[in-house]
$ cat final37.cif   # mmCIF, N, CA and C atoms
data_data
loop_
_atom_site.label_atom_id
_atom_site.label_comp_id
_atom_site.auth_asym_id
_atom_site.auth_seq_id
_atom_site.Cartn_x
_atom_site.Cartn_y
_atom_site.Cartn_z
N MET V 71 142.29 51.19 5.74
CA MET V 71 143.05 51.63 4.60
C MET V 71 142.32 52.78 3.92
N SER V 72 143.02 53.79 3.55
CA SER V 72 142.42 54.99 2.99
C SER V 72 142.00 54.77 1.55
N GLN V 73 140.92 55.41 1.16
CA GLN V 73 140.42 55.32 -0.20
C GLN V 73 141.00 56.40 -1.10
N LEU V 74 141.76 57.34 -0.54
CA LEU V 74 142.38 58.40 -1.33
C LEU V 74 143.54 57.85 -2.13
N PRO V 75 143.78 58.42 -3.30
CA PRO V 75 144.96 57.96 -4.07
C PRO V 75 146.24 58.29 -3.32
N GLN V 76 147.23 57.49 -3.54
CA GLN V 76 148.49 57.67 -2.83
C GLN V 76 149.26 58.89 -3.34
N ASN V 77 149.07 59.24 -4.58
CA ASN V 77 149.78 60.36 -5.15
C ASN V 77 148.88 61.60 -5.05
N ASN V 78 148.93 62.33 -3.92
CA ASN V 78 148.06 63.48 -3.69
C ASN V 78 148.35 64.65 -4.61
N GLU V 79 149.60 64.82 -5.04
CA GLU V 79 149.93 65.93 -5.91
C GLU V 79 149.23 65.80 -7.25
N ALA V 80 149.20 64.61 -7.79
CA ALA V 80 148.54 64.41 -9.08
C ALA V 80 147.03 64.62 -8.94
N PHE V 81 146.49 64.29 -7.80
CA PHE V 81 145.05 64.44 -7.56
C PHE V 81 144.66 65.90 -7.37
N ASP V 82 145.47 66.65 -6.62
CA ASP V 82 145.15 68.03 -6.30
C ASP V 82 145.33 68.98 -7.49
N TYR V 83 146.29 68.77 -8.31
CA TYR V 83 146.61 69.69 -9.39
C TYR V 83 146.17 69.16 -10.74
N ASN V 84 145.18 68.36 -10.79
CA ASN V 84 144.67 67.80 -12.02
C ASN V 84 144.07 68.92 -12.87
N PRO V 85 144.52 69.15 -14.10
CA PRO V 85 144.01 70.25 -14.92
C PRO V 85 142.53 70.08 -15.27
N GLU V 86 142.06 68.86 -15.41
CA GLU V 86 140.64 68.65 -15.72
C GLU V 86 139.76 69.13 -14.56
N TYR V 87 140.23 68.93 -13.36
CA TYR V 87 139.48 69.38 -12.18
C TYR V 87 139.42 70.90 -12.13
N ALA V 88 140.51 71.58 -12.48
CA ALA V 88 140.56 73.04 -12.44
C ALA V 88 139.70 73.66 -13.53
N LYS V 89 139.48 72.98 -14.62
CA LYS V 89 138.68 73.52 -15.71
C LYS V 89 137.22 73.71 -15.32
N LEU V 90 136.74 72.95 -14.39
CA LEU V 90 135.35 73.07 -13.97
C LEU V 90 135.05 74.46 -13.44
N TYR V 91 136.01 75.06 -12.74
CA TYR V 91 135.78 76.38 -12.16
C TYR V 91 136.20 77.51 -13.09
N GLN V 92 137.09 77.24 -14.05
CA GLN V 92 137.54 78.29 -14.95
C GLN V 92 136.61 78.47 -16.13
N ALA V 93 135.76 77.51 -16.41
CA ALA V 93 134.90 77.57 -17.58
C ALA V 93 133.88 78.71 -17.47
N ASN V 94 133.30 78.91 -16.30
CA ASN V 94 132.29 79.96 -16.17
C ASN V 94 132.78 81.12 -15.30
N ASP V 95 134.06 81.25 -15.11
CA ASP V 95 134.67 82.33 -14.33
C ASP V 95 134.05 82.49 -12.95
N SER V 96 133.73 81.40 -12.33
CA SER V 96 133.17 81.47 -10.99
C SER V 96 134.14 80.87 -10.00
N GLN V 97 133.99 81.30 -8.79
CA GLN V 97 134.79 80.76 -7.71
C GLN V 97 133.96 79.74 -6.95
N PRO V 98 134.60 78.86 -6.23
CA PRO V 98 133.82 77.95 -5.39
C PRO V 98 132.96 78.73 -4.41
N SER V 99 131.80 78.23 -4.08
CA SER V 99 130.85 78.96 -3.24
C SER V 99 131.38 79.20 -1.83
N ASP V 100 132.27 78.36 -1.35
CA ASP V 100 132.76 78.54 0.01
C ASP V 100 133.79 79.65 0.12
N VAL V 101 134.30 80.19 -0.99
CA VAL V 101 135.30 81.26 -0.94
C VAL V 101 134.62 82.59 -0.63
N GLU V 102 133.44 82.85 -1.18
CA GLU V 102 132.80 84.15 -1.04
C GLU V 102 132.02 84.33 0.26
N ASP V 103 131.43 83.30 0.77
CA ASP V 103 130.44 83.42 1.84
C ASP V 103 130.96 83.10 3.24
N THR V 104 132.24 83.17 3.44
CA THR V 104 132.76 82.79 4.76
C THR V 104 132.41 83.80 5.84
N ASP V 105 132.15 85.08 5.49
CA ASP V 105 131.81 86.08 6.50
C ASP V 105 130.39 85.92 7.02
N ASP V 106 129.52 85.31 6.23
CA ASP V 106 128.12 85.20 6.61
C ASP V 106 127.80 83.95 7.41
N TRP V 107 128.77 83.11 7.62
CA TRP V 107 128.51 81.88 8.36
C TRP V 107 128.27 82.19 9.82
N THR V 108 127.31 81.52 10.42
CA THR V 108 127.05 81.66 11.85
C THR V 108 127.15 80.29 12.50
N GLN V 109 127.58 80.30 13.71
CA GLN V 109 127.67 79.05 14.44
C GLN V 109 126.32 78.71 15.05
N PRO V 110 126.02 77.43 15.17
CA PRO V 110 124.80 77.07 15.91
C PRO V 110 124.89 77.54 17.35
N ALA V 111 123.75 77.73 17.99
CA ALA V 111 123.73 78.27 19.35
C ALA V 111 124.47 77.38 20.32
N SER V 112 124.48 76.09 20.08
CA SER V 112 125.13 75.18 21.02
C SER V 112 126.65 75.31 20.98
N GLU V 113 127.22 75.85 19.89
CA GLU V 113 128.67 75.95 19.77
C GLU V 113 129.20 77.33 20.15
N LEU V 114 128.33 78.27 20.49
CA LEU V 114 128.78 79.61 20.84
C LEU V 114 129.32 79.65 22.26
N LEU V 115 130.18 80.62 22.49
CA LEU V 115 130.69 80.84 23.84
C LEU V 115 129.55 81.30 24.75
N PRO V 116 129.62 81.01 26.03
CA PRO V 116 128.53 81.42 26.94
C PRO V 116 128.31 82.93 26.96
N GLU V 117 129.39 83.73 26.84
CA GLU V 117 129.23 85.18 26.85
C GLU V 117 128.47 85.65 25.62
N VAL V 118 128.80 85.06 24.46
CA VAL V 118 128.15 85.44 23.21
C VAL V 118 126.69 85.00 23.23
N GLN V 119 126.44 83.79 23.71
CA GLN V 119 125.06 83.29 23.81
C GLN V 119 124.24 84.16 24.77
N GLY V 120 124.84 84.57 25.89
CA GLY V 120 124.15 85.43 26.84
C GLY V 120 123.83 86.79 26.25
N ALA V 121 124.76 87.34 25.45
CA ALA V 121 124.52 88.63 24.81
C ALA V 121 123.39 88.53 23.79
N GLN V 122 123.35 87.43 23.04
CA GLN V 122 122.26 87.25 22.08
C GLN V 122 120.92 87.07 22.79
N ASP V 123 120.91 86.32 23.88
CA ASP V 123 119.68 86.17 24.65
C ASP V 123 119.24 87.50 25.25
N GLY V 124 120.21 88.30 25.70
CA GLY V 124 119.89 89.62 26.25
C GLY V 124 119.30 90.55 25.20
N LYS V 125 119.86 90.53 23.98
CA LYS V 125 119.31 91.37 22.92
C LYS V 125 117.90 90.93 22.55
N LYS V 126 117.68 89.63 22.52
CA LYS V 126 116.34 89.13 22.20
C LYS V 126 115.35 89.53 23.29
N ALA V 127 115.75 89.41 24.54
CA ALA V 127 114.87 89.80 25.65
C ALA V 127 114.62 91.31 25.65
N ALA V 128 115.63 92.10 25.28
CA ALA V 128 115.44 93.56 25.22
C ALA V 128 114.45 93.92 24.11
N ASN V 129 114.53 93.26 22.98
CA ASN V 129 113.58 93.53 21.90
C ASN V 129 112.17 93.12 22.28
N VAL V 130 112.03 91.99 22.96
CA VAL V 130 110.70 91.55 23.40
C VAL V 130 110.16 92.51 24.46
N SER V 131 111.01 93.01 25.33
CA SER V 131 110.60 93.97 26.34
C SER V 131 110.08 95.25 25.69
N LEU V 132 110.79 95.73 24.70
CA LEU V 132 110.36 96.93 23.99
C LEU V 132 109.04 96.70 23.26
N LEU V 133 108.90 95.54 22.64
CA LEU V 133 107.66 95.22 21.95
C LEU V 133 106.48 95.13 22.92
N PHE V 134 106.66 94.42 24.03
CA PHE V 134 105.58 94.29 25.01
C PHE V 134 105.24 95.64 25.65
N GLY V 135 106.25 96.46 25.93
CA GLY V 135 105.99 97.78 26.50
C GLY V 135 105.19 98.65 25.55
N PHE V 136 105.57 98.65 24.28
CA PHE V 136 104.84 99.45 23.29
C PHE V 136 103.43 98.93 23.10
N LEU V 137 103.29 97.61 22.93
CA LEU V 137 101.95 97.03 22.73
C LEU V 137 101.07 97.22 23.96
N GLY V 138 101.64 97.14 25.14
CA GLY V 138 100.86 97.34 26.36
C GLY V 138 100.28 98.74 26.44
N LEU V 139 101.11 99.74 26.17
CA LEU V 139 100.61 101.12 26.18
C LEU V 139 99.59 101.35 25.05
N LEU V 140 99.88 100.81 23.88
CA LEU V 140 98.96 100.97 22.76
C LEU V 140 97.61 100.33 23.07
N PHE V 141 97.63 99.10 23.60
CA PHE V 141 96.38 98.43 23.95
C PHE V 141 95.64 99.17 25.04
N PHE V 142 96.36 99.74 26.00
CA PHE V 142 95.71 100.45 27.09
C PHE V 142 94.96 101.68 26.57
N PHE V 143 95.66 102.52 25.81
CA PHE V 143 95.02 103.73 25.31
C PHE V 143 93.94 103.42 24.28
N LEU V 144 94.19 102.46 23.42
CA LEU V 144 93.19 102.07 22.44
C LEU V 144 91.95 101.47 23.12
N GLY V 145 92.17 100.64 24.12
CA GLY V 145 91.05 100.05 24.85
C GLY V 145 90.25 101.08 25.62
N CYS V 146 90.94 102.05 26.24
CA CYS V 146 90.23 103.12 26.95
C CYS V 146 89.40 103.96 25.98
N TRP V 147 89.98 104.30 24.85
CA TRP V 147 89.26 105.09 23.87
C TRP V 147 88.05 104.32 23.35
N TRP V 148 88.25 103.03 23.08
CA TRP V 148 87.18 102.19 22.55
C TRP V 148 86.07 102.00 23.59
N PHE V 149 86.47 101.85 24.84
CA PHE V 149 85.51 101.65 25.92
C PHE V 149 84.66 102.91 26.14
N VAL V 150 85.28 104.09 26.07
CA VAL V 150 84.55 105.34 26.29
C VAL V 150 83.61 105.62 25.12
N HIS V 151 84.02 105.35 23.90
CA HIS V 151 83.20 105.68 22.74
C HIS V 151 82.12 104.65 22.44
N ASP V 152 82.34 103.42 22.81
CA ASP V 152 81.35 102.37 22.55
C ASP V 152 81.37 101.41 23.73
N PHE V 153 80.50 101.65 24.67
CA PHE V 153 80.52 100.93 25.95
C PHE V 153 80.33 99.43 25.78
N ASP V 154 79.54 99.00 24.81
CA ASP V 154 79.27 97.58 24.64
C ASP V 154 80.37 96.82 23.91
N SER V 155 81.36 97.53 23.42
CA SER V 155 82.43 96.86 22.67
C SER V 155 83.38 96.13 23.62
N GLY V 156 84.38 95.50 23.05
CA GLY V 156 85.35 94.75 23.84
C GLY V 156 86.49 95.58 24.36
N GLY V 157 86.31 96.89 24.50
CA GLY V 157 87.39 97.77 24.95
C GLY V 157 87.87 97.45 26.35
N LEU V 158 86.96 97.01 27.20
CA LEU V 158 87.35 96.69 28.58
C LEU V 158 88.27 95.49 28.62
N ARG V 159 88.03 94.52 27.76
CA ARG V 159 88.92 93.35 27.70
C ARG V 159 90.32 93.75 27.25
N ILE V 160 90.41 94.68 26.33
CA ILE V 160 91.71 95.14 25.86
C ILE V 160 92.44 95.90 26.96
N VAL V 161 91.70 96.69 27.74
CA VAL V 161 92.30 97.43 28.84
C VAL V 161 92.82 96.47 29.91
N ILE V 162 92.16 95.33 30.10
CA ILE V 162 92.61 94.35 31.09
C ILE V 162 93.85 93.62 30.60
N VAL V 163 93.97 93.38 29.31
CA VAL V 163 95.13 92.67 28.76
C VAL V 163 96.38 93.55 28.77
N ALA V 164 96.22 94.84 28.62
CA ALA V 164 97.36 95.76 28.51
C ALA V 164 98.33 95.68 29.69
N PRO V 165 97.86 95.71 30.96
CA PRO V 165 98.83 95.61 32.06
C PRO V 165 99.56 94.27 32.10
N LEU V 166 98.91 93.23 31.62
CA LEU V 166 99.60 91.94 31.57
C LEU V 166 100.77 91.99 30.59
N LEU V 167 100.56 92.63 29.46
CA LEU V 167 101.66 92.80 28.51
C LEU V 167 102.77 93.66 29.11
N ASN V 168 102.38 94.68 29.86
CA ASN V 168 103.39 95.55 30.47
C ASN V 168 104.19 94.81 31.54
N VAL V 169 103.54 93.97 32.31
CA VAL V 169 104.28 93.19 33.32
C VAL V 169 105.23 92.22 32.63
N LEU V 170 104.79 91.59 31.55
CA LEU V 170 105.69 90.70 30.79
C LEU V 170 106.86 91.48 30.19
N GLY V 171 106.60 92.70 29.73
CA GLY V 171 107.67 93.54 29.20
C GLY V 171 108.69 93.93 30.26
N ALA V 172 108.21 94.25 31.46
CA ALA V 172 109.13 94.58 32.55
C ALA V 172 109.96 93.36 32.94
N TRP V 173 109.33 92.19 32.92
CA TRP V 173 110.04 90.96 33.25
C TRP V 173 111.11 90.66 32.20
N GLN V 174 110.80 90.85 30.92
CA GLN V 174 111.80 90.62 29.87
C GLN V 174 112.92 91.65 29.94
N GLY V 175 112.61 92.87 30.35
CA GLY V 175 113.65 93.87 30.56
C GLY V 175 114.60 93.47 31.67
N ARG V 176 114.04 92.85 32.71
CA ARG V 176 114.88 92.36 33.81
C ARG V 176 115.77 91.21 33.34
N VAL V 177 115.22 90.32 32.50
CA VAL V 177 116.01 89.22 31.94
C VAL V 177 117.14 89.76 31.07
N ALA V 178 116.84 90.76 30.27
CA ALA V 178 117.88 91.36 29.42
C ALA V 178 118.95 92.02 30.28
N ASN V 179 118.55 92.65 31.37
CA ASN V 179 119.51 93.29 32.27
C ASN V 179 120.43 92.24 32.91
N ARG V 180 119.89 91.07 33.23
CA ARG V 180 120.72 90.01 33.80
C ARG V 180 121.75 89.49 32.81
N HIS V 181 121.44 89.59 31.50
CA HIS V 181 122.38 89.14 30.47
C HIS V 181 123.33 90.25 30.05
N GLY V 182 123.22 91.42 30.66
CA GLY V 182 124.16 92.49 30.37
C GLY V 182 123.67 93.50 29.35
N VAL V 183 122.44 93.38 28.89
CA VAL V 183 121.87 94.34 27.93
C VAL V 183 120.91 95.23 28.71
N PRO V 184 121.07 96.57 28.67
CA PRO V 184 120.28 97.44 29.54
C PRO V 184 118.78 97.40 29.31
N ALA V 185 118.27 97.41 28.09
CA ALA V 185 116.83 97.37 27.77
C ALA V 185 116.06 98.47 28.50
N LEU V 186 116.62 99.65 28.56
CA LEU V 186 116.02 100.75 29.31
C LEU V 186 114.70 101.21 28.69
N ALA V 187 114.64 101.31 27.37
CA ALA V 187 113.41 101.79 26.72
C ALA V 187 112.24 100.84 26.96
N GLY V 188 112.49 99.56 26.85
CA GLY V 188 111.42 98.59 27.09
C GLY V 188 110.95 98.59 28.53
N ARG V 189 111.88 98.74 29.46
CA ARG V 189 111.49 98.77 30.87
C ARG V 189 110.72 100.04 31.20
N ILE V 190 111.11 101.19 30.63
CA ILE V 190 110.39 102.44 30.88
C ILE V 190 108.97 102.36 30.33
N LEU V 191 108.84 101.88 29.09
CA LEU V 191 107.50 101.75 28.50
C LEU V 191 106.64 100.78 29.29
N SER V 192 107.22 99.68 29.74
CA SER V 192 106.45 98.68 30.48
C SER V 192 105.99 99.22 31.82
N TRP V 193 106.87 99.86 32.56
CA TRP V 193 106.48 100.39 33.86
C TRP V 193 105.53 101.58 33.71
N ALA V 194 105.66 102.34 32.64
CA ALA V 194 104.70 103.43 32.40
C ALA V 194 103.31 102.86 32.18
N GLY V 195 103.23 101.77 31.44
CA GLY V 195 101.93 101.13 31.24
C GLY V 195 101.33 100.60 32.53
N VAL V 196 102.17 100.04 33.39
CA VAL V 196 101.68 99.55 34.68
C VAL V 196 101.21 100.73 35.54
N ILE V 197 101.96 101.82 35.55
CA ILE V 197 101.60 102.98 36.36
C ILE V 197 100.32 103.64 35.84
N PHE V 198 100.13 103.68 34.51
CA PHE V 198 98.88 104.21 33.97
C PHE V 198 97.69 103.33 34.32
N ALA V 199 97.89 102.04 34.36
CA ALA V 199 96.77 101.11 34.58
C ALA V 199 96.34 101.06 36.04
N LEU V 200 97.24 101.29 36.96
CA LEU V 200 96.89 101.17 38.39
C LEU V 200 95.79 102.12 38.83
N PRO V 201 95.85 103.41 38.53
CA PRO V 201 94.74 104.29 38.97
C PRO V 201 93.40 103.89 38.36
N PHE V 202 93.41 103.46 37.11
CA PHE V 202 92.16 103.04 36.49
C PHE V 202 91.62 101.77 37.13
N ALA V 203 92.50 100.88 37.53
CA ALA V 203 92.06 99.67 38.21
C ALA V 203 91.46 99.99 39.58
N VAL V 204 92.08 100.90 40.31
CA VAL V 204 91.56 101.31 41.62
C VAL V 204 90.21 102.01 41.46
N LEU V 205 90.11 102.92 40.50
CA LEU V 205 88.84 103.62 40.26
C LEU V 205 87.75 102.63 39.82
N GLY V 206 88.11 101.69 38.99
CA GLY V 206 87.14 100.69 38.56
C GLY V 206 86.66 99.83 39.71
N ALA V 207 87.58 99.44 40.60
CA ALA V 207 87.20 98.64 41.76
C ALA V 207 86.30 99.44 42.70
N LEU V 208 86.63 100.72 42.94
CA LEU V 208 85.78 101.55 43.79
C LEU V 208 84.40 101.75 43.17
N PHE V 209 84.35 101.92 41.86
CA PHE V 209 83.08 102.07 41.16
C PHE V 209 82.22 100.82 41.31
N LEU V 210 82.82 99.65 41.18
CA LEU V 210 82.06 98.40 41.35
C LEU V 210 81.60 98.21 42.79
N ILE V 211 82.42 98.64 43.74
CA ILE V 211 82.03 98.52 45.14
C ILE V 211 80.82 99.42 45.43
N VAL V 212 80.87 100.63 44.88
CA VAL V 212 79.75 101.56 45.08
C VAL V 212 78.48 101.04 44.42
N LEU V 213 78.61 100.48 43.23
CA LEU V 213 77.44 99.95 42.51
C LEU V 213 76.78 98.78 43.26
N THR V 214 77.59 97.96 43.87
CA THR V 214 77.03 96.80 44.56
C THR V 214 76.55 97.16 45.98
N GLY V 215 76.84 98.36 46.44
CA GLY V 215 76.39 98.80 47.76
C GLY V 215 77.25 98.25 48.89
N GLY V 216 78.50 98.00 48.62
CA GLY V 216 79.39 97.42 49.62
C GLY V 216 79.91 98.41 50.65
N ILE V 217 79.81 99.70 50.40
CA ILE V 217 80.37 100.66 51.35
C ILE V 217 79.29 101.24 52.22
#
$ encode --input "final37.cif" --output "structure tokens"
Amino acid sequence: MSQLPQNNEAFDYNPEYAKLYQANDSQPSDVEDTDDWTQPASELLPEVQGAQDGKKAANVSLLFGFLGLLFFFLGCWWFVHDFDSGGLRIVIVAPLLNVLGAWQGRVANRHGVPALAGRILSWAGVIFALPFAVLGALFLIVLTGGI
């Protein structure tokens, strides 16, 4: 059995109820904010959820690509100017960030978001790091007398 009054018209149009909102010239909060409501991720359509995941992956790809290049150049500069500092560790971390950025760019591409800037920055960081890694390996081989 319902707990609502049987006479719905008397309940809905009660003047005392309407005075609550007319006293301070305000509207109910649900009237103004309907455009800002977002659905939880579980209730979104798969296409919309995929597009949001793609945008997030594209942003992460761009961030990793930028940070990878920044860490690479900063680490190289730091290593050259102060040999005992941790610049070499930063140079080693930079290509890892670039590989993660390229991977996130690929994830974004699978979701339909191009992420071209993040992928370009990430692959540029990998390409910059490869010659230095080869030169470093050859230098260590020469130092140890392996050739």
$ atom_distance --input "final37.cif" --atom1 "atom CA of Gln122 of chain V" --atom2 "atom CA of Gly175 of chain V"
13.8 Å
$ residues_around --input "final37.cif" --residues "segment 178-183 of chain V" --least-positions-apart "4" --cutoff "6.5 Å" --atoms "only N, CA and C atoms" --output "ChimeraX atom specification"
/V:120-121,123-125,127-128,173-174
$ atom_distance --input "final37.cif" --atom1 "atom N of Ala164 of chain V" --atom2 "atom N of Phe142 of chain V"
5.6 Å
$ resolve_selection --input "final37.cif" --expression "the PyMOL selection byres ((chain V and resi 193) around 7)" --output "PDB file with N, CA and C atoms, keeping the file's coordinate frame"
ATOM      1  N   GLY V 135     106.250  96.460  25.930  1.00  0.00           N
ATOM      2  CA  GLY V 135     105.990  97.780  26.500  1.00  0.00           C
ATOM      3  C   GLY V 135     105.190  98.650  25.550  1.00  0.00           C
ATOM      4  N   ASN V 168     102.380  94.680  29.860  1.00  0.00           N
ATOM      5  CA  ASN V 168     103.390  95.550  30.470  1.00  0.00           C
ATOM      6  C   ASN V 168     104.190  94.810  31.540  1.00  0.00           C
ATOM      7  N   VAL V 169     103.540  93.970  32.310  1.00  0.00           N
ATOM      8  CA  VAL V 169     104.280  93.190  33.320  1.00  0.00           C
ATOM      9  C   VAL V 169     105.230  92.220  32.630  1.00  0.00           C
ATOM     10  N   GLY V 171     106.600  92.700  29.730  1.00  0.00           N
ATOM     11  CA  GLY V 171     107.670  93.540  29.200  1.00  0.00           C
ATOM     12  C   GLY V 171     108.690  93.930  30.260  1.00  0.00           C
ATOM     13  N   ALA V 172     108.210  94.250  31.460  1.00  0.00           N
ATOM     14  CA  ALA V 172     109.130  94.580  32.550  1.00  0.00           C
ATOM     15  C   ALA V 172     109.960  93.360  32.940  1.00  0.00           C
ATOM     16  N   GLY V 188     112.490  99.560  26.850  1.00  0.00           N
ATOM     17  CA  GLY V 188     111.420  98.590  27.090  1.00  0.00           C
ATOM     18  C   GLY V 188     110.950  98.590  28.530  1.00  0.00           C
ATOM     19  N   ARG V 189     111.880  98.740  29.460  1.00  0.00           N
ATOM     20  CA  ARG V 189     111.490  98.770  30.870  1.00  0.00           C
ATOM     21  C   ARG V 189     110.720 100.040  31.200  1.00  0.00           C
ATOM     22  N   ILE V 190     111.110 101.190  30.630  1.00  0.00           N
ATOM     23  CA  ILE V 190     110.390 102.440  30.880  1.00  0.00           C
ATOM     24  C   ILE V 190     108.970 102.360  30.330  1.00  0.00           C
ATOM     25  N   LEU V 191     108.840 101.880  29.090  1.00  0.00           N
ATOM     26  CA  LEU V 191     107.500 101.750  28.500  1.00  0.00           C
ATOM     27  C   LEU V 191     106.640 100.780  29.290  1.00  0.00           C
ATOM     28  N   SER V 192     107.220  99.680  29.740  1.00  0.00           N
ATOM     29  CA  SER V 192     106.450  98.680  30.480  1.00  0.00           C
ATOM     30  C   SER V 192     105.990  99.220  31.820  1.00  0.00           C
ATOM     31  N   ALA V 194     105.660 102.340  32.640  1.00  0.00           N
ATOM     32  CA  ALA V 194     104.700 103.430  32.400  1.00  0.00           C
ATOM     33  C   ALA V 194     103.310 102.860  32.180  1.00  0.00           C
ATOM     34  N   GLY V 195     103.230 101.770  31.440  1.00  0.00           N
ATOM     35  CA  GLY V 195     101.930 101.130  31.240  1.00  0.00           C
ATOM     36  C   GLY V 195     101.330 100.600  32.530  1.00  0.00           C
ATOM     37  N   VAL V 196     102.170 100.040  33.390  1.00  0.00           N
ATOM     38  CA  VAL V 196     101.680  99.550  34.680  1.00  0.00           C
ATOM     39  C   VAL V 196     101.210 100.730  35.540  1.00  0.00           C
ATOM     40  N   ILE V 197     101.960 101.820  35.550  1.00  0.00           N
ATOM     41  CA  ILE V 197     101.600 102.980  36.360  1.00  0.00           C
ATOM     42  C   ILE V 197     100.320 103.640  35.840  1.00  0.00           C
ATOM     43  N   PHE V 198     100.130 103.680  34.510  1.00  0.00           N
ATOM     44  CA  PHE V 198      98.880 104.210  33.970  1.00  0.00           C
ATOM     45  C   PHE V 198      97.690 103.330  34.320  1.00  0.00           C
TER      46      PHE V 198
END
$ closest_residue --input "final37.cif" --among "V:Leu186, V:Leu132, V:Ile211, V:Leu139" --to "Ala199 of chain V" --atoms "only C-alpha atoms"
V:Leu139
$ atom_distance --input "final37.cif" --atom1 "atom CA of Ala207 of chain V" --atom2 "atom CA of His151 of chain V"
20.7 Å
$ closest_residue --input "final37.cif" --among "V:Phe202, V:Phe143, V:Phe134, V:Phe209" --to "Leu167 of chain V" --atoms "only C-alpha atoms"
V:Phe134
$ resolve_selection --input "final37.cif" --expression "the PyMOL selection byres (((chain V and resi 144 and name CA) around 12) and name CA)" --output "list in words"
Phe136, Leu137, Gly138, Leu139, Leu140, Phe141, Phe142, Phe143, Gly145, Cys146, Trp147, Trp148, Phe149, Val150, His151, Asp152, Ser155, Gly156, Gly157, Leu158, Arg159, Ile160, Val161, Ile162, Val163 and Ala164 of chain V
$ closest_residue --input "final37.cif" --among "V:Pro165, V:Pro116, V:Gly215, V:Pro184" --to "Leu200 of chain V" --atoms "only C-alpha atoms"
V:Pro165
